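A.B. asks: After the structure tokens below, expect a handful of questions from me.
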Amino acid sequence: MTPSGVDKETRSMMLNIGPSHPAMHGVIRLITELDGETVLKVEAEIGYLHRGFEKSCENSSWTQSIPYTDRLNYVSPLINNFGYCAAVEKLLGIEVPERCQYIRVILSEISRVTDHLTCIAASAMELGAMTAFLYLMKAREYLYEIIEEVTGARLTISYGRIGGVKGDLPAGISGRLEQALKRTEKEIVEVDKLLTRNRIFVDRTRDVGILTREDAISYSITGPMARSTGIDYDVRKAFPYFAYDRVQFEVPLGERGDNYDRYLVRMEEMRQSIAIVRQAMRDLPGGEVQVDPQSRHMSSFEMVDEAKMGRTAGFTQVISSVEPTLEGTEEPCHGLVNTSDKKVVLPSKSNTYGNIEGLMNHFKIIMNSHGIQPPRGDAYMAVEGANGELGFYVVSDGKDRPYRVRVRPPCFFNMAGLHRMLEGGMVADIVATFGTINMIAGELDR
Amino acid sequence: MAIDSGEGPGFFTTRLESVVGWARKFSIFVYPFVTACCGMEYMSVASGHYDMDRFGAGLPRFSPRQADVLLVVGTVSHKIAPLLRRIYDQMCEPKWVVAFGVCTCTGGFYDNYATVQGIDTIIPVDLYLPGCPPRPEAVLDGLMKLQTKIQNQKQTLYPRP
């Protein structure tokens, strides 16, 4: 007791943030210990969105696991899709055609832009910049429209296939894509004007939530967070996959590793991604017709008549056309962009409905315990997800179901390093720092 | 508007109920309980392009005590289920619950040990919005259906007579 009779003894205070808190993105709980307004200690409790991804994959076939991967990082589902498919392809030892690789690059980069848009939008909104949020959501909508046109869905797209993609890009997409990119760029410029030199925004983010280079390495943090500290690591450059070694792009690096640098890195990555999409669209090679080297076409009834007479030689090589009103029969797109390995890729609809070989091929892939059966072994494939290195480790025991699918979610490592960025800071900066980590619960908890 | 309250309401009560219903349906304050993927579509609906504000449901309230409609957006796992129940209990009457997305309706394709197989096993649900995730148009359609429901139901008036 002091002479004035006031107890000056100070004790730290426990403050629980989340899981139901607007800035905790729904599903995380931070248990903080505070000394006044200074954060002494932070513990993150995760697992509120554990949906049993890895176990679900073990109980479904190799193809059926693809929709589960959509919902890992639901802000950029296409990258997850392609990452998983590429891992299984590595296990199978097959190579996807050039056109398909370019399509994967284009869509991955569009996805990366949507992810960064969402991240910046959310973190700006949490600092009070509602206008930036609305502008960036508008930009995301333009890209969602393109994704919807290509894949058929806005968000959970399931567009990747083992050995290729679901279908070719629709006709005339390049014009609309270019328009969407231009509009997105316009919004990015607007937000750049609103935020980058905004005094309030800079004060709230500059030198806040600093992640040191050593910490980033020791917590194996990758992606924009590591790059904001100056670590030059990008899976697209370090271990080029798909067609990334054939496009030119820069990897933006930060210096201080604070919130502002992370924001700048993400902004620059969006510009680079848009440039990659443009290059890939420009260089997009034509597809090879994998199914029929001689381009032999037969109508289906002609084929049936021939088959009844026993003349089936060379039918597996023929593209048959079907006239009835079966939707999608006009599009032999699977044959165009996917690998030619028949044990992996579904035949085009015209083949499935048009000739018996196609139908059998279809059944052999679709039926239980007949589907894709990679050889025994394991493979690790990493792609550059929007948050960092997104790895898939797949193990096969030779059956039609994965023995194990393990994900290396970039968020998990980012979250592990969270307390290093928050401790010693102010309690009001928790939300600002947490926003720039871009925690996605789907891939964090799986 | 004639509303059957079961007690033979007079002219005045009926008119009052319909006015209250009209006021309530256009001043929806949602509590977005966002957990998973559907949150992305919720963001799309809430922002400029689809603009939920047109229907008087533009302002999300992040305190359950200030909200009328609990929007359960995304998968509810067993770990977060008690929290959902608690938030529902904290909300003041009258309150409505929207199950946004198929995971909240039935558990969706997460038919496994971790996921609650439909939030109606925990709290009463007024509106089911299936879809994985539902399209923004579907959300707006559901919102209008909820408004119709709010308009047509028996209004609880405070203070109770």
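Numbering starts fresh at 1 for the residues of each chain in the structure tokens, the chains themselves are lettered A, B, ... in the order given, and ligands are numbered from 1 as they appear.
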May I have the residues within 12 Å of Leu390 of chain A as a PyMOL selection string, using only C-alpha atoms and disregarding those fewer than 6 positions away in the same chain?

C.D. replies: chain A and resi 69+72-73+76-77+79-84+86-87+221-223+234-236+380-384+406-413+443-444

A.B. asks: Output as a ChimeraX atom specification the set of chain A residues within 6 Å of chain B, with distances taken over only C-alpha atoms.

C.D. replies: /A:26-27,48-49,51,74,134

A.B. asks: Can you list every residue in chain B that DSSP puts in strand (DSSP E), as a ChimeraX atom specification?

C.D. replies: /B:30-34,69-73,96-100,127-129

A.B. asks: From the list A:Gly257, A:Glu89, A:Glu126, A:Pro252, which residue is nearest Ile430 of chain A when using only C-alpha atoms?

C.D. replies: A:Glu126

A.B. asks: Just want the 10 Å neighbourhood of Gly131 of chain B, counted on only C-alpha atoms, with same-chain residues fewer than 4 positions away dropped. Output as a list in words.

C.D. replies: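 Once the adjacent positions are removed, what remains is Cys38, Phe100, Gly101, Val102, Cys103, Cys105, Gly108, Arg135, Ala138 and Val139 of chain B.
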
A.B. asks: Atom CA of Thr436 of chain A to atom CA of Asn414 of chain A: how many Å, to one decimal?

C.D. replies: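 Value for the atom CA of Thr436 of chain A-atom CA of Asn414 of chain A distance: 10.4 Å.
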
A.B. asks: Please report, as a ChimeraX atom specification, each residue of segment 124-219 of chain A to which DSSP assigns alpha helix (DSSP H) when run on this structure's backbone.

C.D. replies: /A:124-126,130-151,173-195,199-205,213-218

A.B. asks: Mind dumping a table of every segment 130-160 of chain B residue within 12 Å of segment 13-22 of chain B, with the nearest atom pair and its distance in Å to one decimal, using only C-alpha atoms, sorted by chain and rising number, as JSON lines?

C.D. replies:
```
{"residue": "B:Leu146", "atom": "CA", "partner": "B:Gly21", "partner_atom": "CA", "distance": 11.5}
{"residue": "B:Gln147", "atom": "CA", "partner": "B:Trp22", "partner_atom": "CA", "distance": 8.6}
{"residue": "B:Thr148", "atom": "CA", "partner": "B:Gly21", "partner_atom": "CA", "distance": 9.1}
{"residue": "B:Lys149", "atom": "CA", "partner": "B:Gly21", "partner_atom": "CA", "distance": 9.2}
{"residue": "B:Ile150", "atom": "CA", "partner": "B:Gly21", "partner_atom": "CA", "distance": 6.1}
{"residue": "B:Gln151", "atom": "CA", "partner": "B:Gly21", "partner_atom": "CA", "distance": 4.3}
{"residue": "B:Asn152", "atom": "CA", "partner": "B:Gly21", "partner_atom": "CA", "distance": 7.1}
{"residue": "B:Gln153", "atom": "CA", "partner": "B:Gly21", "partner_atom": "CA", "distance": 7.7}
{"residue": "B:Lys154", "atom": "CA", "partner": "B:Glu17", "partner_atom": "CA", "distance": 7.3}
{"residue": "B:Gln155", "atom": "CA", "partner": "B:Glu17", "partner_atom": "CA", "distance": 5.9}
{"residue": "B:Thr156", "atom": "CA", "partner": "B:Glu17", "partner_atom": "CA", "distance": 8.5}
{"residue": "B:Leu157", "atom": "CA", "partner": "B:Glu17", "partner_atom": "CA", "distance": 8.2}
{"residue": "B:Tyr158", "atom": "CA", "partner": "B:Val20", "partner_atom": "CA", "distance": 10.9}
```

A.B. asks: Go ahead and compute the interatomic distance for atom CA of Ser56 of chain A and atom CA of Tyr403 of chain A, in Å to one decimal.

C.D. replies: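 Pair atom CA of Ser56 of chain A / atom CA of Tyr403 of chain A returns 11.1 Å.
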
A.B. asks: Show me, as a PyMOL selection string, the residues that have an atom within 9 Å of Glu43 of chain A when counting only C-alpha atoms, minus same-chain residues fewer than 4 positions from it.

C.D. replies: chain A and resi 29-33+418-419

A.B. asks: For Thr131 of chain A, which residue among A:Glu148, A:Glu187, A:Leu91, A:Gln373 is the nearest when counting only C-alpha atoms?

C.D. replies: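 Comparing A:Glu148, A:Glu187, A:Leu91, A:Gln373 against Thr131 of chain A, the winner is A:Glu187.
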
A.B. asks: Provide the atom CA of Ala216 of chain A to atom CA of Gly388 of chain A distance in Å, to one decimal place.

C.D. replies: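 Computing it gives 11.8 Å between the two atoms.
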